[in-house]
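K.L.:
Okay, so here is data_1.cif, and as you'll see once you scroll down, it has mmCIF, C-alpha atoms.
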```cif
data_target
#
loop_
_atom_site.label_atom_id
_atom_site.label_comp_id
_atom_site.auth_asym_id
_atom_site.auth_seq_id
_atom_site.Cartn_x
_atom_site.Cartn_y
_atom_site.Cartn_z
CA MET A 17 -135.00 63.75 -91.86
CA GLY A 18 -133.48 67.01 -93.11
CA ASP A 19 -132.58 67.78 -96.71
CA GLY A 20 -129.65 65.74 -97.88
CA ALA A 21 -129.48 63.81 -94.58
CA VAL A 22 -128.22 60.23 -94.56
CA SER A 23 -129.44 57.60 -92.06
CA ILE A 24 -127.33 54.52 -91.56
CA GLN A 25 -129.14 51.42 -90.39
CA THR A 26 -127.33 49.80 -87.45
CA LEU A 27 -126.37 46.13 -87.96
CA HIS A 28 -127.06 43.96 -84.90
CA MET A 29 -124.89 40.81 -84.69
CA SER A 30 -125.17 37.79 -82.41
CA ALA A 31 -122.28 36.92 -80.07
CA ARG A 32 -122.24 33.27 -81.25
CA VAL A 33 -118.78 32.17 -82.40
CA ASP A 34 -120.14 30.45 -85.52
CA VAL A 35 -121.40 33.71 -87.08
CA PRO A 36 -119.51 34.25 -90.34
CA ASP A 37 -117.13 37.18 -90.65
CA THR A 38 -119.04 40.23 -91.96
CA SER A 39 -116.27 42.75 -91.58
CA ASP A 40 -116.45 43.59 -95.30
CA ALA A 41 -120.21 44.15 -95.30
CA ARG A 42 -121.41 47.61 -96.21
CA PRO A 43 -124.14 49.32 -94.20
CA GLU A 44 -127.32 49.96 -96.13
CA ILE A 45 -127.64 53.62 -97.04
CA ASP A 46 -131.01 55.39 -97.13
CA VAL A 47 -130.60 58.63 -99.07
CA ALA A 48 -133.36 61.23 -99.19
CA PRO A 49 -134.43 62.29 -102.69
CA PRO A 50 -132.97 65.56 -103.96
CA SER A 51 -134.91 68.53 -102.60
CA GLY A 52 -134.42 72.25 -102.85
CA VAL A 53 -135.88 75.70 -102.18
CA GLY A 54 -135.91 78.85 -104.30
CA HIS A 55 -137.05 82.41 -103.64
CA ALA A 56 -137.64 85.64 -105.60
CA SER A 57 -139.46 88.92 -105.04
CA ALA A 58 -141.88 91.14 -106.89
CA LYS A 59 -140.62 94.17 -108.77
CA ALA A 60 -141.95 97.59 -109.73
CA ILE A 61 -140.79 99.72 -112.63
CA LEU A 62 -140.00 103.21 -111.43
CA PHE A 63 -139.29 104.58 -114.90
CA GLY A 64 -139.04 103.33 -118.45
CA GLU A 65 -141.70 100.68 -119.05
CA HIS A 66 -142.41 100.18 -122.77
CA ALA A 67 -139.56 102.51 -123.71
CA VAL A 68 -137.14 99.80 -122.55
CA VAL A 69 -138.42 97.52 -125.34
CA PHE A 70 -137.01 100.02 -127.85
CA GLY A 71 -133.59 100.33 -126.22
CA GLU A 72 -134.25 103.21 -123.84
CA PRO A 73 -133.13 102.84 -120.19
CA ALA A 74 -135.43 101.80 -117.39
CA ILE A 75 -135.21 101.78 -113.59
CA ALA A 76 -136.74 98.95 -111.58
CA VAL A 77 -136.88 98.28 -107.85
CA PRO A 78 -137.44 95.02 -105.97
CA VAL A 79 -140.57 94.80 -103.84
CA ARG A 80 -139.34 92.73 -100.93
CA SER A 81 -142.71 92.67 -99.18
CA LEU A 82 -144.14 90.45 -101.95
CA THR A 83 -142.40 87.14 -102.56
CA ALA A 84 -142.56 83.81 -104.36
CA SER A 85 -141.15 80.61 -102.85
CA VAL A 86 -140.83 77.15 -104.38
CA ARG A 87 -140.09 73.80 -102.72
CA LEU A 88 -139.18 70.98 -105.06
CA HIS A 89 -138.13 67.37 -104.66
CA ARG A 90 -137.67 64.42 -106.92
CA THR A 91 -140.27 61.67 -106.65
CA ASP A 92 -140.69 58.11 -107.85
CA GLY A 93 -144.30 58.86 -108.74
CA SER A 94 -145.75 61.23 -111.31
CA ALA A 95 -144.84 64.91 -111.40
CA ARG A 96 -147.12 67.03 -109.23
CA LEU A 97 -147.81 70.71 -108.68
CA ASP A 98 -149.38 72.29 -105.61
CA SER A 99 -150.19 76.00 -105.63
CA ALA A 100 -152.97 78.44 -104.87
CA LEU A 101 -154.13 78.11 -108.47
CA TYR A 102 -153.95 74.33 -108.91
CA HIS A 103 -153.34 71.07 -107.05
CA GLY A 104 -152.72 67.93 -109.06
CA PRO A 105 -150.62 66.11 -111.66
CA LEU A 106 -148.30 68.42 -113.57
CA HIS A 107 -149.41 67.13 -116.97
CA THR A 108 -153.01 68.21 -116.34
CA ALA A 109 -152.15 71.71 -115.07
CA PRO A 110 -154.35 74.39 -116.68
CA LEU A 111 -153.13 76.52 -119.56
CA ARG A 112 -152.77 79.56 -117.33
CA LEU A 113 -149.88 77.75 -115.61
CA ASP A 114 -148.08 77.10 -118.89
CA VAL A 115 -145.40 79.61 -117.91
CA THR A 116 -144.77 77.70 -114.67
CA THR A 117 -144.42 74.33 -116.38
CA THR A 118 -142.21 75.91 -119.04
CA ALA A 119 -139.81 77.18 -116.37
CA LEU A 120 -139.61 73.73 -114.78
CA HIS A 121 -138.98 71.96 -118.09
CA ALA A 122 -136.31 74.51 -119.03
CA VAL A 123 -134.28 74.01 -115.86
CA LEU A 124 -134.67 70.22 -115.93
CA ASP A 125 -133.39 70.22 -119.52
CA HIS A 126 -130.43 72.33 -118.36
CA LEU A 127 -129.72 69.81 -115.60
CA GLY A 128 -129.78 66.94 -118.09
CA GLU A 129 -132.88 65.51 -116.40
CA PRO A 130 -135.68 66.24 -118.90
CA GLY A 131 -137.81 63.32 -117.75
CA ALA A 132 -137.36 63.76 -114.02
CA ALA A 133 -140.55 63.50 -111.97
CA VAL A 134 -140.74 66.18 -109.30
CA ALA A 135 -143.21 67.33 -106.70
CA MET A 136 -143.31 71.12 -106.61
CA THR A 137 -145.05 73.44 -104.16
CA ILE A 138 -145.42 77.14 -104.97
CA GLU A 139 -146.31 79.79 -102.41
CA SER A 140 -146.58 83.37 -103.63
CA THR A 141 -147.96 86.64 -102.29
CA ILE A 142 -147.39 88.40 -105.63
CA PRO A 143 -150.68 89.12 -107.40
CA VAL A 144 -150.86 87.71 -110.92
CA GLU A 145 -151.34 89.86 -114.02
CA ARG A 146 -150.73 93.10 -112.14
CA GLY A 147 -147.39 94.22 -113.61
CA LEU A 148 -145.39 93.23 -110.53
CA GLY A 149 -143.39 90.42 -112.11
CA SER A 150 -145.34 87.43 -110.80
CA SER A 151 -144.45 85.14 -113.71
CA ALA A 152 -140.75 86.05 -113.61
CA ALA A 153 -140.57 85.68 -109.82
CA VAL A 154 -142.17 82.23 -109.82
CA SER A 155 -139.94 81.13 -112.71
CA ALA A 156 -136.84 82.41 -110.89
CA ALA A 157 -137.85 80.57 -107.71
CA ILE A 158 -138.38 77.34 -109.71
CA VAL A 159 -134.95 77.63 -111.34
CA HIS A 160 -133.22 78.22 -107.98
CA ALA A 161 -135.16 75.39 -106.30
CA ALA A 162 -134.19 72.89 -109.01
CA LEU A 163 -130.54 73.93 -108.92
CA ASP A 164 -130.62 73.55 -105.14
CA ALA A 165 -132.28 70.13 -105.37
CA TRP A 166 -129.63 68.85 -107.74
CA ARG A 167 -126.90 70.44 -105.61
CA THR A 168 -125.50 72.39 -108.52
CA THR A 169 -124.90 76.03 -109.39
CA ALA A 170 -125.20 78.19 -112.48
CA ASP A 171 -123.82 81.59 -113.33
CA ASP A 172 -126.03 84.65 -113.38
CA GLU A 173 -126.40 84.72 -117.17
CA THR A 174 -127.45 81.07 -117.32
CA ILE A 175 -130.09 81.64 -114.64
CA HIS A 176 -131.30 84.73 -116.46
CA GLU A 177 -131.69 82.84 -119.74
CA LEU A 178 -133.57 80.00 -118.05
CA ILE A 179 -136.06 82.51 -116.63
CA GLN A 180 -136.33 84.19 -120.01
CA VAL A 181 -137.50 80.92 -121.60
CA SER A 182 -140.70 81.11 -119.57
CA GLU A 183 -140.95 84.91 -119.87
CA ARG A 184 -141.03 84.58 -123.65
CA ARG A 185 -143.91 82.18 -123.23
CA ALA A 186 -145.71 84.75 -121.09
CA HIS A 187 -144.96 87.98 -122.92
CA GLY A 188 -143.68 87.22 -126.40
CA SER A 189 -140.53 89.34 -126.61
CA PRO A 190 -139.68 90.49 -123.07
CA SER A 191 -136.89 92.98 -122.54
CA GLY A 192 -135.37 90.88 -119.76
CA LEU A 193 -135.94 93.55 -117.13
CA ASP A 194 -138.35 91.46 -115.05
CA ALA A 195 -136.04 88.46 -115.05
CA ARG A 196 -133.29 90.66 -113.61
CA ALA A 197 -135.37 92.72 -111.19
CA VAL A 198 -137.08 89.85 -109.36
CA ARG A 199 -133.65 88.61 -108.22
CA ALA A 200 -132.24 92.04 -107.38
CA THR A 201 -131.42 93.31 -103.91
CA GLY A 202 -131.58 96.99 -104.86
CA PRO A 203 -132.66 99.32 -107.66
CA LEU A 204 -131.46 98.45 -111.15
CA TRP A 205 -130.55 100.46 -114.22
CA PHE A 206 -131.42 98.39 -117.29
CA GLN A 207 -130.71 99.13 -120.94
CA ARG A 208 -130.41 96.78 -123.92
CA GLY A 209 -129.95 93.77 -121.66
CA ALA A 210 -127.18 95.32 -119.55
CA VAL A 211 -127.78 95.97 -115.85
CA ALA A 212 -126.11 98.07 -113.19
CA GLY A 213 -126.86 99.04 -109.61
CA LEU A 214 -127.90 102.58 -108.78
CA GLU A 215 -126.86 105.03 -106.09
CA VAL A 216 -129.77 106.05 -103.86
CA ALA A 217 -129.08 108.89 -101.45
CA THR A 218 -132.45 108.93 -99.67
CA PRO A 219 -134.82 106.02 -98.96
CA LEU A 220 -137.80 105.73 -101.29
CA HIS A 221 -141.07 105.05 -99.49
CA LEU A 222 -143.38 103.62 -102.13
CA VAL A 223 -147.04 102.67 -102.15
CA ILE A 224 -148.39 100.13 -104.65
CA ALA A 225 -152.14 100.11 -105.27
CA ASP A 226 -153.93 97.41 -107.25
CA SER A 227 -156.59 98.78 -109.57
CA GLY A 228 -158.39 95.43 -109.60
CA VAL A 229 -158.12 95.39 -113.40
CA ARG A 230 -156.09 92.59 -114.93
CA GLY A 231 -152.98 93.94 -116.65
CA ARG A 232 -152.55 93.01 -120.31
CA THR A 233 -148.83 93.30 -120.96
CA ARG A 234 -148.66 91.35 -124.22
CA GLU A 235 -151.62 93.30 -125.62
CA ALA A 236 -150.16 96.62 -124.49
CA VAL A 237 -146.74 95.90 -126.01
CA GLN A 238 -148.32 94.88 -129.29
CA GLY A 239 -150.50 97.99 -129.25
CA VAL A 240 -147.45 100.26 -128.93
CA ALA A 241 -145.72 98.40 -131.76
CA ASP A 242 -148.78 98.78 -133.99
CA ARG A 243 -149.04 102.50 -133.25
CA ARG A 244 -145.33 102.94 -133.96
CA GLU A 245 -145.71 101.24 -137.33
CA ALA A 246 -148.52 103.65 -138.18
CA ASP A 247 -146.92 106.82 -136.76
CA ALA A 248 -143.23 106.29 -135.96
CA ALA A 249 -142.45 109.98 -135.38
CA THR A 250 -145.06 110.46 -132.64
CA ILE A 251 -144.40 107.18 -130.86
CA ASP A 252 -140.61 107.54 -131.06
CA ALA A 253 -140.90 110.99 -129.48
CA LEU A 254 -142.90 109.56 -126.58
CA ILE A 255 -140.46 106.67 -126.16
CA GLY A 256 -137.53 109.08 -126.18
CA ALA A 257 -139.22 111.27 -123.57
CA LEU A 258 -139.80 108.27 -121.31
CA GLY A 259 -136.15 107.29 -121.66
CA GLY A 260 -135.14 110.85 -120.81
CA LEU A 261 -137.10 110.63 -117.56
CA SER A 262 -135.08 107.53 -116.62
CA VAL A 263 -131.83 109.39 -117.25
CA ALA A 264 -132.96 112.34 -115.14
CA ALA A 265 -134.18 110.04 -112.36
CA ARG A 266 -130.79 108.34 -112.13
CA ASP A 267 -129.23 111.68 -111.15
CA ASP A 268 -132.16 112.59 -108.89
CA LEU A 269 -131.82 109.30 -107.01
CA ALA A 270 -128.11 109.92 -106.48
CA ARG A 271 -128.89 113.39 -105.07
CA GLY A 272 -131.89 112.26 -103.03
CA ASP A 273 -134.16 114.78 -104.74
CA LEU A 274 -137.54 113.23 -103.92
CA PRO A 275 -139.71 116.08 -105.31
CA ARG A 276 -138.03 115.80 -108.72
CA ILE A 277 -138.37 112.01 -108.69
CA GLY A 278 -142.06 112.36 -107.90
CA ALA A 279 -142.60 114.97 -110.60
CA GLY A 280 -140.89 112.65 -113.08
CA MET A 281 -143.19 109.79 -112.08
CA SER A 282 -146.30 111.87 -112.72
CA GLU A 283 -144.95 113.00 -116.08
CA ALA A 284 -144.17 109.38 -116.96
CA HIS A 285 -147.78 108.45 -116.24
CA ARG A 286 -149.00 111.18 -118.58
CA LEU A 287 -146.69 109.98 -121.36
CA LEU A 288 -147.69 106.34 -120.88
CA VAL A 289 -151.35 107.29 -121.16
CA GLU A 290 -150.54 109.17 -124.36
CA LEU A 291 -148.68 106.09 -125.57
CA GLY A 292 -151.93 104.15 -125.26
CA VAL A 293 -151.25 101.87 -122.27
CA GLY A 294 -153.29 103.68 -119.64
CA ASP A 295 -156.58 102.72 -118.05
CA PRO A 296 -159.32 104.77 -116.33
CA ALA A 297 -158.89 102.80 -113.09
CA LEU A 298 -155.17 103.62 -113.06
CA ASP A 299 -155.86 107.30 -113.72
CA HIS A 300 -158.32 107.32 -110.82
CA LEU A 301 -155.79 105.86 -108.39
CA ALA A 302 -153.02 108.19 -109.59
CA ARG A 303 -155.29 111.16 -108.91
CA ALA A 304 -156.24 109.75 -105.52
CA ALA A 305 -152.57 109.39 -104.59
CA ALA A 306 -151.95 113.00 -105.59
CA GLY A 307 -154.92 114.01 -103.46
CA ALA A 308 -153.24 112.31 -100.49
CA GLY A 309 -150.10 114.38 -101.03
CA ALA A 310 -148.00 111.85 -102.92
CA LEU A 311 -144.93 113.41 -104.52
CA GLY A 312 -145.80 111.56 -107.72
CA ALA A 313 -147.73 108.56 -109.02
CA LYS A 314 -147.75 106.47 -112.17
CA LEU A 315 -148.81 103.15 -113.57
CA THR A 316 -146.14 100.48 -113.22
CA GLY A 317 -145.60 97.57 -115.59
CA GLY A 318 -147.30 96.84 -118.88
CA GLY A 319 -150.38 98.93 -118.21
CA ARG A 320 -153.98 98.66 -119.45
CA GLY A 321 -154.70 97.55 -115.91
CA GLY A 322 -152.52 96.48 -113.02
CA CYS A 323 -151.08 98.77 -110.38
CA VAL A 324 -150.18 102.36 -109.59
CA LEU A 325 -146.91 103.26 -107.86
CA ALA A 326 -146.87 106.35 -105.61
CA LEU A 327 -143.96 108.08 -103.86
CA ALA A 328 -144.36 109.25 -100.25
CA THR A 329 -142.19 111.60 -98.22
CA ASP A 330 -141.61 109.10 -95.40
CA ALA A 331 -142.96 105.88 -93.89
CA ASP A 332 -145.86 107.55 -92.02
CA HIS A 333 -146.87 109.37 -95.18
CA ALA A 334 -146.80 106.08 -97.09
CA THR A 335 -149.18 104.58 -94.53
CA ALA A 336 -151.53 107.53 -94.94
CA ILE A 337 -151.46 107.33 -98.73
CA ALA A 338 -152.14 103.59 -98.56
CA ALA A 339 -155.22 104.19 -96.40
CA HIS A 340 -156.45 106.88 -98.78
CA LEU A 341 -156.02 104.59 -101.79
CA ARG A 342 -157.97 101.82 -100.08
CA GLY A 343 -160.74 104.30 -99.48
CA ALA A 344 -160.56 105.32 -103.14
CA GLY A 345 -161.32 101.76 -104.22
CA ALA A 346 -157.95 100.03 -104.61
CA SER A 347 -158.51 96.28 -104.37
CA ALA A 348 -155.21 95.82 -102.49
CA VAL A 349 -152.42 98.11 -101.29
CA TRP A 350 -148.83 97.43 -100.26
CA THR A 351 -145.96 99.58 -99.09
CA THR A 352 -142.28 98.99 -99.68
CA THR A 353 -139.06 100.88 -98.97
CA VAL A 354 -136.01 101.12 -101.19
CA GLU A 355 -133.17 101.72 -98.79
CA ALA A 356 -130.45 104.29 -99.40
CA THR A 357 -127.18 102.90 -100.71
CA THR A 358 -124.98 105.66 -99.30
#
```
Translate this structure into structure tokens?
P.N.:
Amino acid sequence: MGDGAVSIQTLHMSARVDVPDTSDARPEIDVAPPSGVGHASAKAILFGEHAVVFGEPAIAVPVRSLTASVRLHRTDGSARLDSALYHGPLHTAPLRLDVTTTALHAVLDHLGEPGAAVAMTIESTIPVERGLGSSAAVSAAIVHAALDAWRTTADDETIHELIQVSERRAHGSPSGLDARAVRATGPLWFQRGAVAGLEVATPLHLVIADSGVRGRTREAVQGVADRREADAATIDALIGALGGLSVAARDDLARGDLPRIGAGMSEAHRLLVELGVGDPALDHLARAAAGAGALGAKLTGGGRGGCVLALATDADHATAIAAHLRGAGASAVWTTTVEATT
């Protein structure tokens, strides 16, 4: 029976004349429990990670080739979670899934159903702890699935805040960029919580390479804050320079100037390393991408592990860079294209 379908049991009556009148009887209704589906994608930060925490602009792009999907339905039994990381009762889920359970509790509270028992299945191709927005994407998919199951809607700001509840659990004081970007259909300009779409004159063919080193976003953010407290002038200069690259990239995207975008990416990587969020494995992959002719390459996300983002000239070049990065030791490689908007 499909979602929301209703089956009506047929009443069979004898033809005997002494059967009492049942014209007012109501057919028995069998209603399926509320069920819903939610989806979100990975994201990559093109410019502005870390600087965005201090009010500078950032540019993020959705990675449509990596997705998270959630199926959820209400159950009369105990709440249950099925995912690649865990199968079993929700209340015994491991601590590493605390962000997931937080997202579910947040949306159920919003729906006025804090004690509702649900069965939830998560399927995701987004690698965890790699700076690609896995936690935000799964949380967004959970929120959308629950809203769908309860046949209700919420405005964009409400959905954003529900995702942010779990993002705070994951990262402490997130900027909100991930929560926006994993639901985006195109590149986003983000600054101090405000978002806007961007003009892109030429498609961006991007390669994402996993260093195999777990990203440590919370640790990296705290490290930048500690360094800023000790030497505000130096750190503020680096943050300002990173923000300036975002501003320049906005114009370069509108003009379709791929060489300048690539040069800005490589400069951003240098500044992020100087900021203290780099990693030798990321440096190695950035150099390997340059060796394959990438127009630019940089770490993406929180840093201290995670992934490198490289810009190719076209789709064939992206395929060649991906092969080169695999040969250079990347544990996984993906390609994605940001389509032109004009």
K.L.:
At a cut-off of 8 Å, using only C-alpha atoms, what residues contact range 331-334 of chain A? Leave out same-chain residues fewer than 5 positions from it and give the result as a list in words.
P.N.:
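Surrounding residues, per the criterion: His221, Leu222, Val223 and Thr351 of chain A.
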K.L.:
Residues around (-136.4, 90.0, -107.2), cut-off 12 Å, counting all atoms listed in the file - what are they as a PyMOL selection string?
P.N.:
chain A and resi 54-61+76-85+142+148-157+176+193-204
K.L.:
Taking the file as I've supplied it (selection: the PyMOL selection byres ((chain A and resi 75) around 10)), which residues are included? Please answer as a compact mmCIF listing (two decimals) with C-alpha atoms, in the coordinates of the input.
P.N.:
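Result file follows (out23.txt):
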```txt
# COMPACT_ATOMS: atom_id res chain seq x y z
CA ALA A 60 -141.95 97.59 -109.73
CA ILE A 61 -140.79 99.72 -112.63
CA LEU A 62 -140.00 103.21 -111.43
CA PHE A 63 -139.29 104.58 -114.90
CA GLY A 64 -139.04 103.33 -118.45
CA GLU A 65 -141.70 100.68 -119.05
CA VAL A 68 -137.14 99.80 -122.55
CA PRO A 73 -133.13 102.84 -120.19
CA ALA A 74 -135.43 101.80 -117.39
CA ALA A 76 -136.74 98.95 -111.58
CA VAL A 77 -136.88 98.28 -107.85
CA LEU A 193 -135.94 93.55 -117.13
CA ALA A 197 -135.37 92.72 -111.19
CA PRO A 203 -132.66 99.32 -107.66
CA LEU A 204 -131.46 98.45 -111.15
CA TRP A 205 -130.55 100.46 -114.22
CA PHE A 206 -131.42 98.39 -117.29
CA GLN A 207 -130.71 99.13 -120.94
CA VAL A 211 -127.78 95.97 -115.85
CA ALA A 212 -126.11 98.07 -113.19
CA GLY A 213 -126.86 99.04 -109.61
CA LEU A 214 -127.90 102.58 -108.78
CA GLY A 259 -136.15 107.29 -121.66
CA LEU A 261 -137.10 110.63 -117.56
CA SER A 262 -135.08 107.53 -116.62
CA VAL A 263 -131.83 109.39 -117.25
CA ALA A 265 -134.18 110.04 -112.36
CA ARG A 266 -130.79 108.34 -112.13
```
K.L.:
Quick check, in Å to one decimal: how far apart do CA of Ala249 in chain A and CA of Ala284 in chain A lie?
P.N.:
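Atom-to-atom, CA of Ala249 in chain A to CA of Ala284 in chain A, that is 18.5 Å.
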K.L.:
Please expand the PyMOL selection byres ((chain A and resi 282) around 12) into the concrete residues it hits in this file, giving the result as an MDAnalysis selection string.
P.N.:
chainID A and resid 62:63 258 261 275:281 283:289 299 302:303 305:306 310:316 324:327
K.L.:
So, counting all atoms listed in the file, which residue among A:Ser99, A:Arg112, A:Pro143, A:Ala161 is closest to Ser51 in chain A?
P.N.:
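With all atoms listed in the file as the atom set, the closest residue is A:Ala161.
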K.L.:
Please write the residues picked by the PyMOL selection byres ((chain A and resi 173) around 12) on this file as a list in words.
P.N.:
Thr169, Ala170, Asp171, Asp172, Thr174, Ile175, His176, Glu177, Leu178, Ile179, Gln180, Gly192, Ala195, Arg196, Gly209, Ala210 and Val211 of chain A
K.L.:
Quick one, how far is CA of Gly104 in chain A from CA of Ala348 in chain A?
P.N.:
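Distance reported for this atom pair: 28.8 Å.
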K.L.:
Which is closest to His103 in chain A among A:Trp166, A:Ile138, A:Thr329, A:Arg146, if we use all atoms listed in the file?
P.N.:
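The closest residue to His103 in chain A is A:Ile138.
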K.L.:
What is the distance, in Å and to one decimal place, between CA of Ala338 in chain A and CA of Gly319 in chain A?
P.N.:
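Rounded to one decimal, the two atoms are 20.3 Å apart.
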K.L.:
Using all atoms listed in the file, which residue out of A:Ala253, A:Ala236, A:Leu341, A:Ala165 lies closest to Arg320 in chain A?
P.N.:
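Using all atoms listed in the file, Arg320 in chain A sits closest to A:Ala236.
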K.L.:
Excluding Ala186 in chain A and any residue of its chain fewer than 6 positions from it, enumerate the residues within 9 Å of it, using only C-alpha atoms, and give them as a list in words.
P.N.:
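So, after excluding close chain neighbours, the residues are Asp114, Val115, Ser151 and Arg234 of chain A.
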